[in-house]
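Here is data.txt, consisting of compact mmCIF, C-alpha atoms and all ligand atoms:
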# COMPACT_ATOMS: atom_id res chain seq x y z
CA MET A 24 -27.42 -2.79 14.61
CA ASN A 25 -29.08 -5.32 16.82
CA LYS A 26 -26.43 -6.13 19.38
CA ALA A 27 -28.70 -8.51 21.24
CA LEU A 28 -28.54 -10.79 18.19
CA ARG A 29 -25.05 -10.26 16.72
CA PRO A 30 -21.80 -8.43 17.39
CA ALA A 31 -21.13 -5.04 15.80
CA VAL A 32 -17.89 -5.06 13.83
CA ILE A 33 -15.94 -2.03 12.63
CA ALA A 34 -13.12 -2.95 10.26
CA GLY A 35 -10.64 -0.71 8.47
CA ASN A 36 -9.55 -1.76 5.00
CA TRP A 37 -6.30 0.09 4.50
CA LYS A 38 -5.96 -1.18 0.91
CA MET A 39 -2.52 -0.46 -0.60
CA ASN A 40 -1.61 2.18 1.96
CA LYS A 41 0.96 2.43 4.76
CA THR A 42 4.48 1.09 5.11
CA PRO A 43 5.32 -1.20 8.02
CA ALA A 44 6.58 1.74 10.08
CA GLU A 45 3.47 3.78 9.26
CA THR A 46 1.32 0.80 10.22
CA SER A 47 2.86 0.63 13.70
CA ALA A 48 2.40 4.37 14.12
CA LEU A 49 -1.25 4.43 13.01
CA ILE A 50 -2.19 1.46 15.19
CA SER A 51 -0.50 3.12 18.17
CA GLU A 52 -2.66 6.17 17.51
CA ILE A 53 -5.86 4.13 17.13
CA LYS A 54 -5.27 1.90 20.15
CA PRO A 55 -6.10 4.28 23.02
CA LEU A 56 -9.01 5.78 21.06
CA VAL A 57 -10.82 2.43 20.75
CA ALA A 58 -9.80 1.00 24.14
CA ASN A 59 -13.34 1.30 25.47
CA ALA A 60 -15.21 0.57 22.25
CA ASP A 61 -18.16 -1.75 22.69
CA CYS A 62 -17.73 -3.41 19.30
CA THR A 63 -15.19 -5.60 17.53
CA VAL A 64 -12.45 -3.48 15.92
CA ILE A 65 -10.29 -4.83 13.08
CA VAL A 66 -7.55 -3.36 10.90
CA GLY A 67 -6.96 -4.85 7.44
CA VAL A 68 -3.40 -4.07 6.39
CA PRO A 69 -1.15 -4.96 3.42
CA PHE A 70 0.53 -8.39 3.66
CA VAL A 71 4.00 -7.03 4.38
CA ASP A 72 2.63 -4.90 7.23
CA LEU A 73 0.99 -7.84 9.03
CA SER A 74 3.94 -8.58 11.37
CA GLU A 75 4.11 -4.97 12.52
CA ALA A 76 0.32 -4.84 12.89
CA LEU A 77 0.26 -8.00 15.01
CA GLU A 78 2.97 -6.57 17.22
CA ALA A 79 1.32 -3.15 17.46
CA VAL A 80 -2.13 -4.46 18.48
CA LYS A 81 -0.70 -6.39 21.46
CA GLY A 82 -2.40 -5.37 24.68
CA SER A 83 -5.54 -4.28 22.84
CA LYS A 84 -8.64 -6.04 21.50
CA ILE A 85 -7.95 -4.90 17.92
CA GLY A 86 -8.02 -7.78 15.44
CA VAL A 87 -5.80 -7.95 12.37
CA ALA A 88 -6.99 -8.84 8.87
CA ALA A 89 -5.20 -9.64 5.63
CA GLN A 90 -6.79 -8.34 2.43
CA ASN A 91 -6.79 -11.58 0.42
CA CYS A 92 -5.44 -15.13 0.43
CA HIS A 93 -4.96 -17.99 -2.03
CA TRP A 94 -7.19 -21.05 -2.30
CA LYS A 95 -4.40 -23.58 -1.79
CA GLU A 96 -2.39 -24.26 1.34
CA SER A 97 0.89 -24.20 -0.59
CA GLY A 98 2.33 -24.78 -4.02
CA ALA A 99 3.66 -23.22 -7.20
CA PHE A 100 1.73 -19.94 -7.08
CA THR A 101 4.38 -17.24 -7.41
CA GLY A 102 3.50 -14.08 -5.56
CA GLU A 103 0.50 -15.50 -3.72
CA ILE A 104 -0.07 -15.87 0.02
CA SER A 105 -1.44 -19.01 1.66
CA PRO A 106 -4.19 -18.83 4.28
CA VAL A 107 -2.11 -21.30 6.33
CA THR A 108 0.77 -18.82 6.37
CA LEU A 109 -1.56 -16.06 7.57
CA ALA A 110 -3.05 -18.23 10.31
CA GLY A 111 0.44 -19.34 11.32
CA MET A 112 1.47 -15.72 11.81
CA GLY A 113 -1.44 -15.16 14.16
CA VAL A 114 -3.64 -13.29 11.69
CA GLU A 115 -7.30 -13.73 12.68
CA TYR A 116 -9.27 -12.38 9.70
CA VAL A 117 -9.06 -12.13 5.93
CA ILE A 118 -11.06 -9.85 3.62
CA LEU A 119 -12.21 -11.77 0.51
CA GLY A 120 -14.05 -10.84 -2.65
CA HIS A 121 -13.46 -7.10 -2.38
CA SER A 122 -14.80 -5.33 -5.45
CA GLU A 123 -11.32 -4.00 -6.23
CA ARG A 124 -10.09 -7.61 -6.39
CA ARG A 125 -13.04 -8.50 -8.63
CA GLN A 126 -12.62 -5.39 -10.81
CA TYR A 127 -8.84 -5.25 -11.26
CA PHE A 128 -7.55 -8.74 -10.51
CA GLY A 129 -10.03 -11.05 -12.15
CA GLU A 130 -11.67 -12.46 -9.02
CA THR A 131 -14.87 -14.31 -9.73
CA ASP A 132 -17.60 -15.70 -7.49
CA ARG A 133 -15.98 -19.08 -8.06
CA SER A 134 -12.50 -18.02 -6.97
CA VAL A 135 -13.98 -16.16 -3.99
CA ASN A 136 -15.69 -19.39 -2.92
CA ALA A 137 -12.42 -21.32 -3.30
CA ARG A 138 -10.47 -18.76 -1.28
CA LEU A 139 -13.17 -18.61 1.37
CA THR A 140 -13.22 -22.40 1.71
CA ALA A 141 -9.43 -22.49 2.13
CA ALA A 142 -9.40 -19.57 4.56
CA LEU A 143 -11.96 -21.21 6.84
CA ALA A 144 -10.12 -24.53 6.65
CA ALA A 145 -6.97 -22.72 7.82
CA GLY A 146 -8.88 -21.34 10.81
CA LEU A 147 -9.24 -17.76 9.58
CA LYS A 148 -12.42 -15.72 9.96
CA VAL A 149 -13.60 -14.16 6.72
CA ILE A 150 -15.03 -10.77 5.80
CA LEU A 151 -16.83 -11.58 2.55
CA CYS A 152 -17.52 -8.56 0.32
CA VAL A 153 -20.43 -8.31 -2.09
CA GLY A 154 -22.09 -5.40 -3.87
CA GLU A 155 -23.55 -4.12 -7.10
CA THR A 156 -22.11 -1.69 -9.64
CA ARG A 157 -23.79 1.57 -10.54
CA GLU A 158 -25.02 0.09 -13.81
CA GLU A 159 -26.54 -2.88 -11.99
CA ARG A 160 -28.31 -0.62 -9.49
CA GLU A 161 -29.63 1.60 -12.27
CA SER A 162 -30.89 -1.50 -14.09
CA GLY A 163 -32.83 -2.54 -10.99
CA ILE A 164 -30.95 -5.82 -10.50
CA THR A 165 -29.19 -5.08 -7.19
CA ALA A 166 -31.04 -7.85 -5.33
CA GLU A 167 -30.28 -10.47 -8.01
CA VAL A 168 -26.62 -9.50 -8.19
CA VAL A 169 -26.06 -9.58 -4.46
CA ARG A 170 -28.04 -12.80 -3.97
CA LYS A 171 -25.99 -14.48 -6.71
CA GLN A 172 -22.71 -13.34 -5.13
CA ILE A 173 -23.82 -14.63 -1.73
CA LYS A 174 -25.09 -17.97 -3.04
CA LEU A 175 -21.96 -18.70 -5.06
CA ALA A 176 -19.53 -17.51 -2.38
CA LEU A 177 -21.22 -19.70 0.23
CA GLN A 178 -21.45 -22.83 -1.91
CA ASN A 179 -20.60 -25.90 0.21
CA ILE A 180 -20.08 -23.75 3.32
CA THR A 181 -21.78 -25.32 6.33
CA GLY A 182 -23.90 -23.54 8.91
CA GLU A 183 -21.14 -24.16 11.43
CA GLN A 184 -18.58 -22.48 9.13
CA LEU A 185 -20.92 -19.55 8.56
CA LYS A 186 -20.31 -18.57 12.19
CA ASN A 187 -16.81 -17.52 11.13
CA ILE A 188 -18.02 -15.30 8.30
CA ILE A 189 -18.93 -11.62 8.33
CA VAL A 190 -20.54 -10.23 5.19
CA ALA A 191 -19.73 -6.72 3.99
CA TYR A 192 -22.23 -5.09 1.64
CA GLU A 193 -20.20 -2.66 -0.42
CA PRO A 194 -22.00 -1.01 -3.34
CA VAL A 195 -19.23 -0.50 -5.89
CA TRP A 196 -20.51 2.95 -6.82
CA ALA A 197 -20.07 4.12 -3.23
CA ILE A 198 -16.46 2.97 -2.78
CA GLY A 199 -13.95 5.78 -2.66
CA THR A 200 -16.36 8.09 -4.45
CA GLY A 201 -17.72 10.09 -1.52
CA LEU A 202 -21.15 8.83 -2.57
CA THR A 203 -22.73 6.90 0.29
CA ALA A 204 -25.73 4.66 0.04
CA THR A 205 -28.59 6.18 2.00
CA ALA A 206 -29.23 4.50 5.32
CA GLU A 207 -32.38 3.04 3.80
CA GLN A 208 -30.57 1.67 0.72
CA ALA A 209 -27.89 0.12 2.93
CA ASN A 210 -30.47 -1.44 5.24
CA ASP A 211 -32.55 -2.77 2.35
CA VAL A 212 -29.65 -4.65 0.76
CA CYS A 213 -28.34 -5.91 4.11
CA ALA A 214 -31.87 -7.25 4.72
CA ILE A 215 -31.81 -8.97 1.31
CA ILE A 216 -28.49 -10.61 2.24
CA ARG A 217 -29.94 -11.75 5.57
CA ALA A 218 -33.04 -13.18 3.88
CA CYS A 219 -30.88 -15.00 1.34
CA THR A 220 -28.82 -16.48 4.19
CA ALA A 221 -32.02 -17.64 5.88
CA GLU A 222 -32.98 -19.44 2.64
CA LEU A 223 -29.56 -21.10 2.39
CA TYR A 224 -29.31 -22.02 6.10
CA ASP A 225 -32.05 -21.10 8.54
CA ASN A 226 -33.44 -18.06 10.27
CA ALA A 227 -31.27 -18.48 13.36
CA ALA A 228 -28.10 -18.52 11.23
CA ALA A 229 -29.28 -15.44 9.34
CA GLN A 230 -30.04 -13.57 12.56
CA ARG A 231 -26.57 -14.38 13.91
CA LEU A 232 -24.79 -13.07 10.81
CA THR A 233 -22.99 -9.74 11.13
CA ILE A 234 -23.51 -7.70 7.95
CA GLN A 235 -21.41 -4.58 7.52
CA TYR A 236 -21.94 -1.66 5.19
CA GLY A 237 -18.95 -0.27 3.29
CA GLY A 238 -18.64 2.62 0.84
CA SER A 239 -17.61 6.12 1.92
CA MET A 240 -18.61 5.46 5.52
CA ASN A 241 -17.14 8.21 7.67
CA ALA A 242 -17.27 9.82 11.10
CA LYS A 243 -20.26 11.95 10.04
CA ASN A 244 -22.56 9.38 8.42
CA ALA A 245 -21.69 6.30 10.50
CA ALA A 246 -24.26 6.80 13.26
CA GLU A 247 -27.17 7.02 10.83
CA LEU A 248 -26.06 3.95 8.88
CA LEU A 249 -25.41 1.94 12.04
CA ALA A 250 -28.82 2.87 13.45
CA GLN A 251 -30.39 0.66 10.77
CA PRO A 252 -31.52 -2.72 12.12
CA ASN A 253 -29.72 -4.76 9.46
CA VAL A 254 -26.46 -2.77 9.35
CA ASP A 255 -24.22 -4.37 11.95
CA GLY A 256 -21.00 -2.52 11.36
CA GLY A 257 -18.77 -0.99 8.74
CA LEU A 258 -15.92 -1.84 6.41
CA ILE A 259 -14.14 1.44 6.04
CA GLY A 260 -11.55 2.50 3.48
CA GLY A 261 -10.45 6.13 3.39
CA ALA A 262 -11.70 7.12 6.85
CA SER A 263 -9.90 4.16 8.45
CA LEU A 264 -6.55 5.80 7.64
CA VAL A 265 -7.28 8.70 10.01
CA ALA A 266 -7.17 7.51 13.62
CA ALA A 267 -9.70 10.01 14.96
CA ASP A 268 -12.20 9.30 12.17
CA PHE A 269 -11.90 5.53 12.49
CA ALA A 270 -12.27 5.77 16.27
CA ALA A 271 -15.34 7.98 15.88
CA ILE A 272 -16.96 5.27 13.78
CA ALA A 273 -16.10 2.65 16.44
CA THR A 274 -17.63 4.97 19.03
CA ALA A 275 -20.79 5.28 16.94
CA ALA A 276 -20.94 1.47 16.86
CA SER A 277 -20.56 1.34 20.63
CA LYS A 278 -23.90 2.99 21.28
P1 LIG B 1 -14.12 3.86 1.16
O1 LIG B 1 -14.54 3.90 2.60
O2 LIG B 1 -12.83 4.57 0.91
O3 LIG B 1 -15.22 4.24 0.24
O4 LIG B 1 -13.79 2.31 0.85
C1 LIG B 1 -14.73 1.36 1.20
C2 LIG B 1 -14.12 0.03 0.98
O5 LIG B 1 -13.88 -0.40 -0.14
C3 LIG B 1 -13.81 -0.78 2.16
O6 LIG B 1 -13.48 -2.08 1.81
What is this file in structure tokens?
Amino acid sequence: MNKALRPAVIAGNWKMNKTPAETSALISEIKPLVANADCTVIVGVPFVDLSEALEAVKGSKIGVAAQNCHWKESGAFTGEISPVTLAGMGVEYVILGHSERRQYFGETDRSVNARLTAALAAGLKVILCVGETREERESGITAEVVRKQIKLALQNITGEQLKNIIVAYEPVWAIGTGLTATAEQANDVCAIIRACTAELYDNAAAQRLTIQYGGSMNAKNAAELLAQPNVDGGLIGGASLVAADFAAIATAASK
């Protein structure tokens, strides 16, 4: 982290977990534990839990994120959710381009760019996920893969809009596997993302960009990962479902 340059952000991605009632309960548990955290704290909940989450975070600084949104404001897209609807509810953030969306639901760099453009236009802030698969890492093409994802996702996004984007580097092989990138691996790729952003915009924009690491981050390994200069926070799956563990990560980011 380099808090002099950019805010530290700890976000939970709850994925397809928790009912509305369970969402209220877990946020109530998290709330006092992160009350003094010196970092931005966000919970990313399922769509149908958003109302409860927005209600439950009242009186705290916890932000609420959706886990996806469509690229149109409205229309004949059965089962989809508009970014305008999310913004209208009071949702502040949306996670886009998660590897599970890319892997299981056919998301492409192109559709991620379209969703991101629409989300920003609706006034949402975006957590943009990128990351290589195990095969890509073993083939030595991590940098190319991540640079391509960043360049295509940010196509036609202005420097001004970039201020509303957080990037999450999530190596696919580390997600939900218990395998964590080493602190050095995480820092190296976050640095590649920052350098790529400097090429696309300028150095000031790149230095302002918060880049999270995600992939089996937990209460034990968070401090070491967050001590890296280019790792500005975490996007946390499994450990974000346990209040004490999630809070411990926020505490590590408060140092
Ligand atoms: P885990 O922390 O469960 O590995 O999930 C990471 C992730 O995908 C967050 O978006």
Handout entry: Residue contacts of Arg170 in chain A (12 Å, all atoms listed in the file) excluding same-chain residues fewer than 5 positions away, as a PyMOL selection string
Key = chain A and resi 132+153-155+164-165+175-177+192+212-223
Handout entry: Nearest candidate to Glu115 in chain A (options A:Leu258, A:Thr131, A:Ala76, A:Thr140; using all atoms listed in the file)
Key = A:Ala76
Exercise for the section: Kindly compile the residues surrounding ligand LIG 1 (chain B) within 10 Å, counting all atoms listed in the file, and format them as a PyMOL selection string. Expected result: chain A and resi 34-38+67+90+118-123+150+152+191-203+236-241+257-264
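With distances restricted to all atoms listed in the file, A:Val135 is the closest residue to Leu151 in chain A from A:Ala88, A:Val57, A:Val135, A:Leu73.
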Exercise for the section: List the neighbours of range 63-65 of chain A out to 12 Å using only C-alpha atoms; skip same-chain residues closer than 6 positions along the sequence, and give me the result as a PyMOL selection string. Expected result: chain A and resi 26+29-37+50+53-54+56-57+76-77+80+83-90+114-118+148-150+189+233+235+255-259+263+269-274+276-277
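Across the structure, CA of Gln184 in chain A and CA of Ala229 in chain A are spaced 12.8 Å apart.
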Problem - Counting only C-alpha atoms, the residue of A:Ala99, A:Ala204, A:Leu147, A:Ala141 that sits nearest Met112 in chain A - result: A:Leu147
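The interatomic distance for the pair CA of Asn210 in chain A and CA of Asn253 in chain A works out to 5.4 Å.
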